[in-house]
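Below is one structure, written out as C-alpha cells; comments come after it.
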Amino acid sequence: MNYRTLVIAGYGTIGTSIVRLGKKELGGFESVFIVDLDFTDKPTDVDWPVNFLNGDIEDPKFVAHLCRTIEKPALLLNVATGTDNVNIRKIISDDDIAYLDSCASSLPDKKECRFSKYMPYTYTPISSRHPHWLCWGINPGLVEIIVRKMIRDMGREGAFDVSIYENDQLFARWNKDAIAVGWSPKMLVEEVMLSPALTIQGGVSVEEEHPGGSKITAFWSGRPVPSRIVGHEDIWNIGQLEDVETARFIYGLHPSVMRVLEGDPGHALEIFRVPDESVPITGKERVAVQVKKIGTEQVRTEVWETDHAAVWKAYGINAVQYQTGKSLLLAIMLMQQTEYGKQPISACASALPIGYRQWGLIETFMNELGIRWTDAGTWNLHTE
C-alpha cells in the first residue's frame, strides 16, 4: 500500500457515495478522515471507522494544520464543489501528500464559468513529489479511459470522432415543490445553463459565445431524448488526444428537469434537490461512449447503465452517486495499490501513461468494483 491516510474533502453527494460504497476498497488505509464545513443533516452513522472533521478545505490555515496532524504519506481526495483546486494543491505540494479530485478547479474569483478559462487554470503546473490526478470520476475520468481503450481496440491509425452521451431519468415523487437531480444543483445549473457549449472540432477546442448548452435531440434505441451539447471537462481532456479530431458531450435528463432548464437559473436553483436516502427514486442513469473512425464504417458504442431504485435500496444513494463513487474508487485503488501512486505526475485520465500491464490492472479493478460497460451497438445511439 502506498498511503497510510485518506482524507476526503467534501461530504455531499459524492463524498457520501464513496463512504457508502468503499468500505472494502478504503480498508487498506490505516485511517480515513472526512472534512466538511458542516455535518448537520448529513449521515454520520458509518459502520466502519471514519473520522469526521469540521473545516474548510480552502482555508490555508486549516489545510496546513491538517497536513501537520495526519499520518503520512497521505492521499487527499477533494470532492468539494466550486473550490480553487490549484491553491489547495499548492498548499500540500511540499508535504508527503498525493492529490485526487473529480472536477475542474474554480478560478480564484469564483465568477468564471467558461471551460476555456478554467480548464487551463486547472492544469497549472505544480511541482510535487507525489501524483496529482485531476478531473477524475466517471465523466470526467473513467469515460476517458473507455475512449482510449476503444480507440486502441479499433486500431489507432486514423482520426476519431468521440461522443459522450448521458441520459439520467432520475425521478422522485415528493410532497414538496422540488424536482430531483442526481448531483449538485449549483454545478448542474452552471454546466447546462451558464457555461457555453464546448466541443472539439478539427482537433482544437471550440467554445460557443452564448451562455448555456446548445439544444439537440439524442435518440436512445429510437426514443427521442431532448438534450444539450454542453461544456465538460472530459471533452477538453479528450481533445488533447492526438487521435481525436472531433468530440462532444450530449446531456439529457428527465423531462421535468429539462423543462426547468429552459427557464431561469435562479428558479432552477430553488427547485432542484438531491433526494436523500428517505426518498424513493426511479429511473436509470446511462452513460455511453461512442467512437467513430472518420472516413470508415467503424463505429463502437459502449454503455454503463445503472438503475436508481436498485442502488437506492442497496446503499441509500442514487445511480449518479453510485457511478461517480465507483469511478473514484477505481482511481483510489490505482493510486493506493499500484506503481501509479509513486509516480510524481500531474495528469487527467486522458494523459495518464497506460501500458499493457496497466490496462490489465484497470480492467481487473473495474471487474472487482462491478463497473460493467456493455456493447450498445444495437441501440443506434445518434443525434438529430
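How things are named: the first chain in the C-alpha cells is A, the next is B, and so on; residues count from 1 in each chain; ligands count from 1 in the order shown.
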
Residues near Phe249 (chain A), cut-off 8 Å, only C-alpha atoms, skip fewer than 5 positions along chain, as a PyMOL selection string: chain A and resi 163-166+199+229-232+235

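Excluding Pro255 (chain A) itself and any same-chain residue fewer than 5 positions from it, the protein and nucleic acid residues within 9 Å of it, counting only C-alpha atoms, are Gln169, Val225, Pro226 and Val260 of chain A.
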
Kindly provide the residues of region 213-302 of chain A that approach region 322-326 of chain A to within 12 Å, each paired with its closest atom pair and their distance in Å to one decimal, based on only C-alpha atoms, listed by chain and increasing number, as a tab-separated table.
```
residue	atom	partner	partner_atom	distance
A:Lys284	CA	A:Gln323	CA	11.5
A:Glu285	CA	A:Gln323	CA	8.7
A:Arg286	CA	A:Gln323	CA	9.6
A:Val287	CA	A:Gln323	CA	9.3
```

Those in region 125-327 of chain A with strand (DSSP E) from DSSP, as a PyMOL selection string: chain A and resi 132-133+160-168+179-180+198-201+204-207+214-220+223-229+244-253+272-273+284-293+299-307

Selected residues, C-alpha atoms, written as an mmCIF file, in the first residue's frame, please.
```cif
data_model
loop_
_atom_site.group_PDB
_atom_site.id
_atom_site.type_symbol
_atom_site.label_atom_id
_atom_site.label_comp_id
_atom_site.auth_asym_id
_atom_site.auth_seq_id
_atom_site.Cartn_x
_atom_site.Cartn_y
_atom_site.Cartn_z
ATOM 1 C CA HIS A 132 -1.799 14.827 -8.630
ATOM 2 C CA TRP A 133 -4.678 13.244 -10.548
ATOM 3 C CA PHE A 160 -11.637 9.601 -34.494
ATOM 4 C CA ASP A 161 -14.935 11.252 -33.640
ATOM 5 C CA VAL A 162 -15.984 10.847 -29.991
ATOM 6 C CA SER A 163 -19.393 11.452 -28.453
ATOM 7 C CA ILE A 164 -20.172 11.110 -24.757
ATOM 8 C CA TYR A 165 -23.901 10.663 -24.097
ATOM 9 C CA GLU A 166 -25.584 10.843 -20.709
ATOM 10 C CA ASN A 167 -29.270 10.187 -20.101
ATOM 11 C CA ASP A 168 -30.361 10.415 -16.468
ATOM 12 C CA ILE A 179 -37.571 18.265 -8.656
ATOM 13 C CA ALA A 180 -34.983 15.522 -8.213
ATOM 14 C CA LEU A 198 -17.571 23.423 -25.807
ATOM 15 C CA THR A 199 -16.672 20.902 -28.495
ATOM 16 C CA ILE A 200 -13.576 19.628 -30.253
ATOM 17 C CA GLN A 201 -13.501 20.445 -33.974
ATOM 18 C CA VAL A 204 -8.971 22.050 -31.288
ATOM 19 C CA SER A 205 -11.476 23.243 -28.685
ATOM 20 C CA VAL A 206 -14.291 25.488 -29.886
ATOM 21 C CA GLU A 207 -16.493 27.321 -27.388
ATOM 22 C CA SER A 214 -26.848 24.002 -27.383
ATOM 23 C CA LYS A 215 -30.181 22.196 -27.824
ATOM 24 C CA ILE A 216 -30.134 18.867 -29.626
ATOM 25 C CA THR A 217 -32.199 15.669 -29.714
ATOM 26 C CA ALA A 218 -30.491 12.372 -28.925
ATOM 27 C CA PHE A 219 -32.046 9.047 -29.872
ATOM 28 C CA TRP A 220 -31.621 6.105 -27.490
ATOM 29 C CA ARG A 223 -36.609 7.092 -28.386
ATOM 30 C CA PRO A 224 -36.034 10.857 -28.689
ATOM 31 C CA VAL A 225 -34.424 12.467 -25.634
ATOM 32 C CA PRO A 226 -34.269 16.303 -25.575
ATOM 33 C CA SER A 227 -30.654 17.087 -24.702
ATOM 34 C CA ARG A 228 -27.969 19.744 -24.638
ATOM 35 C CA ILE A 229 -24.432 19.819 -26.007
ATOM 36 C CA VAL A 244 -9.265 12.664 -31.688
ATOM 37 C CA GLU A 245 -10.498 15.004 -34.415
ATOM 38 C CA THR A 246 -13.956 15.851 -33.049
ATOM 39 C CA ALA A 247 -15.684 15.377 -29.687
ATOM 40 C CA ARG A 248 -18.826 16.498 -27.841
ATOM 41 C CA PHE A 249 -20.830 15.804 -24.672
ATOM 42 C CA ILE A 250 -24.598 15.285 -25.059
ATOM 43 C CA TYR A 251 -26.585 15.578 -21.840
ATOM 44 C CA GLY A 252 -30.261 14.674 -21.400
ATOM 45 C CA LEU A 253 -32.203 14.413 -18.125
ATOM 46 C CA PHE A 272 -33.711 21.292 -7.818
ATOM 47 C CA ARG A 273 -32.910 18.958 -4.906
ATOM 48 C CA LYS A 284 -31.987 4.742 -14.952
ATOM 49 C CA GLU A 285 -28.704 6.556 -15.283
ATOM 50 C CA ARG A 286 -26.977 5.769 -18.583
ATOM 51 C CA VAL A 287 -23.576 6.972 -19.723
ATOM 52 C CA ALA A 288 -22.488 5.942 -23.206
ATOM 53 C CA VAL A 289 -19.254 6.359 -25.136
ATOM 54 C CA GLN A 290 -19.389 6.304 -28.930
ATOM 55 C CA VAL A 291 -16.236 6.280 -31.056
ATOM 56 C CA LYS A 292 -16.226 6.505 -34.853
ATOM 57 C CA LYS A 293 -13.192 6.142 -37.081
ATOM 58 C CA VAL A 299 -18.362 2.645 -35.035
ATOM 59 C CA ARG A 300 -18.346 1.339 -31.475
ATOM 60 C CA THR A 301 -20.702 2.255 -28.650
ATOM 61 C CA GLU A 302 -20.449 1.112 -25.035
ATOM 62 C CA VAL A 303 -22.757 1.986 -22.152
ATOM 63 C CA TRP A 304 -22.784 1.761 -18.364
ATOM 64 C CA GLU A 305 -26.393 1.598 -17.199
ATOM 65 C CA THR A 306 -27.410 1.703 -13.523
ATOM 66 C CA ASP A 307 -30.895 1.531 -12.008
#
```

Exercise: Met193 (chain A) partners within 7 Å, only C-alpha atoms, chain neighbours under 6 positions left out, as a ChimeraX atom specification: /A:211-213,261,265

Pick from A:Gln240, A:Ser106, A:Thr5, A:Asn139, whichever lies nearest to Leu77 (chain A) using only C-alpha atoms: A:Thr5

Separation of CA of Ile88 (chain A) from CA of Asp59 (chain A), in Å and rounded to one decimal: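 Interatomic distance, CA of Ile88 (chain A) to CA of Asp59 (chain A): 8.6 Å.
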
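All residues of protein, DNA or RNA that reach within 12 Å of Tyr340 (chain A), judged by only C-alpha atoms and not counting those fewer than 4 positions away in the chain, are Met1, Asn2, Tyr3, Ala98, His130, Pro131, His132, Trp133, Ala331, Ile332, Met333, Leu334, Met335, Gln336, Pro344, Ile345, Ser346, Ala347, Leu352, Pro353, Ile354, Gly355, Arg357, Gln358, Leu361 and Ile362 of chain A.
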
Let's have the selection written as a PDB file, in the first residue's frame, with C-alpha atoms.
```pdb
ATOM      1  CA  MET A   1       0.000   0.000   0.000  1.00  0.00           C
ATOM      2  CA  ASN A   2       1.296   3.466  -0.912  1.00  0.00           C
ATOM      3  CA  TYR A   3      -0.551   5.665   1.599  1.00  0.00           C
ATOM      4  CA  ALA A  98      -0.825  12.975  -3.044  1.00  0.00           C
ATOM      5  CA  HIS A 130       3.601  12.768  -5.311  1.00  0.00           C
ATOM      6  CA  PRO A 131       0.970  12.328  -8.045  1.00  0.00           C
ATOM      7  CA  HIS A 132      -1.799  14.827  -8.630  1.00  0.00           C
ATOM      8  CA  TRP A 133      -4.678  13.244 -10.548  1.00  0.00           C
ATOM      9  CA  ALA A 331      -8.718   5.882  -9.112  1.00  0.00           C
ATOM     10  CA  ILE A 332      -8.074   5.426  -5.390  1.00  0.00           C
ATOM     11  CA  MET A 333      -7.251   1.736  -5.883  1.00  0.00           C
ATOM     12  CA  LEU A 334      -4.815   2.543  -8.682  1.00  0.00           C
ATOM     13  CA  MET A 335      -3.072   5.189  -6.569  1.00  0.00           C
ATOM     14  CA  GLN A 336      -3.040   3.096  -3.393  1.00  0.00           C
ATOM     15  CA  PRO A 344       5.056  12.241  -9.332  1.00  0.00           C
ATOM     16  CA  ILE A 345       2.957  13.212 -12.321  1.00  0.00           C
ATOM     17  CA  SER A 346       0.008  15.575 -12.713  1.00  0.00           C
ATOM     18  CA  ALA A 347      -2.463  14.026 -15.124  1.00  0.00           C
ATOM     19  CA  LEU A 352      -2.208   9.088 -17.789  1.00  0.00           C
ATOM     20  CA  PRO A 353       0.510   6.788 -19.188  1.00  0.00           C
ATOM     21  CA  ILE A 354      -1.068   3.338 -19.656  1.00  0.00           C
ATOM     22  CA  GLY A 355       0.995   0.366 -20.768  1.00  0.00           C
ATOM     23  CA  ARG A 357       0.270  -4.193 -17.657  1.00  0.00           C
ATOM     24  CA  GLN A 358      -1.649  -1.109 -16.552  1.00  0.00           C
ATOM     25  CA  LEU A 361      -4.847  -3.758 -13.780  1.00  0.00           C
ATOM     26  CA  ILE A 362      -7.502  -1.240 -14.754  1.00  0.00           C
TER      27      ILE A 362
END
```

Nearest to Lys186 (chain A) by atom-to-atom distance, counting only C-alpha atoms, from A:Thr81, A:Ser116, A:Ser17, A:Thr374: A:Thr81

DSSP helix (DSSP H, G or I) selection over region 152-316 of chain A, as a PyMOL selection string: chain A and resi 152-154+185-194+233-238+255-260+265-271+308-315

Interatomic distance, CA of His65 (chain A) to CA of Ala9 (chain A) (Å, one decimal):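 Spanning CA of His65 (chain A) to CA of Ala9 (chain A) is a straight-line distance of 14.2 Å.
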
Distance query region 123-126 of chain A at most 7 Å, only C-alpha atoms, self and fewer than 4 positions along chain excluded, as a ChimeraX atom specification: /A:86,90,119

Within 12 Å of region 27-32 of chain A using only C-alpha atoms, minus same-chain residues under 4 positions, as a PyMOL selection string: chain A and resi 1-9+18-19+21-23+46+48-53+70-77+329+332-333+335-337

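Distance annotation: of A:Val192, A:Ala314, A:Glu144, A:Lys24, the residue with the minimal separation from Gly263 (chain A) is A:Val192; atom set is only C-alpha atoms.
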
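Distance annotation: of A:Val35, A:Ile317, A:Val257, A:Ala310, the residue with the minimal separation from Pro185 (chain A) is A:Val257; atom set is only C-alpha atoms.
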
Point-to-point distance in Å for CA of Ser105 (chain A) and CA of Asn85 (chain A): 4.8 Å

Please provide the set of residues having any atom within 9 Å of Ala172 (chain A), restricted to only C-alpha atoms, with same-chain residues fewer than 2 positions apart removed, written as an mmCIF file with N, CA, C and O atoms, in the first residue's frame.
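The result, stored in selection02.cif:
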```
data_model
loop_
_atom_site.group_PDB
_atom_site.id
_atom_site.type_symbol
_atom_site.label_atom_id
_atom_site.label_comp_id
_atom_site.auth_asym_id
_atom_site.auth_seq_id
_atom_site.Cartn_x
_atom_site.Cartn_y
_atom_site.Cartn_z
ATOM 1 N N LEU A 170 -33.613 10.016 -13.566
ATOM 2 C CA LEU A 170 -33.937 10.076 -12.144
ATOM 3 C C LEU A 170 -35.264 10.802 -11.902
ATOM 4 O O LEU A 170 -35.483 11.898 -12.419
ATOM 5 N N TRP A 174 -42.146 13.725 -4.608
ATOM 6 C CA TRP A 174 -42.052 14.346 -3.285
ATOM 7 C C TRP A 174 -43.329 15.088 -2.937
ATOM 8 O O TRP A 174 -44.024 15.606 -3.800
ATOM 9 N N ILE A 179 -37.832 19.188 -7.563
ATOM 10 C CA ILE A 179 -37.571 18.265 -8.656
ATOM 11 C C ILE A 179 -36.215 17.613 -8.413
ATOM 12 O O ILE A 179 -35.238 18.290 -8.095
ATOM 13 N N ALA A 180 -36.175 16.293 -8.558
ATOM 14 C CA ALA A 180 -34.983 15.522 -8.213
ATOM 15 C C ALA A 180 -33.894 15.636 -9.275
ATOM 16 O O ALA A 180 -34.160 15.532 -10.480
ATOM 17 N N VAL A 181 -32.668 15.845 -8.812
ATOM 18 C CA VAL A 181 -31.477 15.753 -9.664
ATOM 19 C C VAL A 181 -30.462 14.892 -8.930
ATOM 20 O O VAL A 181 -30.531 14.706 -7.721
ATOM 21 N N PRO A 275 -32.357 13.997 -3.799
ATOM 22 C CA PRO A 275 -33.121 13.251 -2.801
ATOM 23 C C PRO A 275 -32.197 12.579 -1.783
ATOM 24 O O PRO A 275 -31.149 12.044 -2.152
ATOM 25 N N VAL A 279 -36.063 9.152 0.459
ATOM 26 C CA VAL A 279 -36.954 9.409 -0.677
ATOM 27 C C VAL A 279 -36.779 8.331 -1.740
ATOM 28 O O VAL A 279 -35.702 8.217 -2.342
ATOM 29 N N PRO A 280 -37.805 7.511 -2.009
ATOM 30 C CA PRO A 280 -37.704 6.508 -3.077
ATOM 31 C C PRO A 280 -37.512 7.165 -4.436
ATOM 32 O O PRO A 280 -38.114 8.205 -4.726
ATOM 33 N N ILE A 281 -36.678 6.568 -5.260
ATOM 34 C CA ILE A 281 -36.387 7.116 -6.585
ATOM 35 C C ILE A 281 -36.521 6.034 -7.643
ATOM 36 O O ILE A 281 -36.429 4.834 -7.351
ATOM 37 N N THR A 282 -36.746 6.454 -8.879
ATOM 38 C CA THR A 282 -36.868 5.526 -10.002
ATOM 39 C C THR A 282 -36.087 6.065 -11.194
ATOM 40 O O THR A 282 -35.600 7.199 -11.177
#
```

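The shortest atom-to-atom distance to Trp359 (chain A), with only C-alpha atoms taken into account, belongs to A:Asp153 out of A:Asp153, A:Val274, A:Asn318, A:Gly283.
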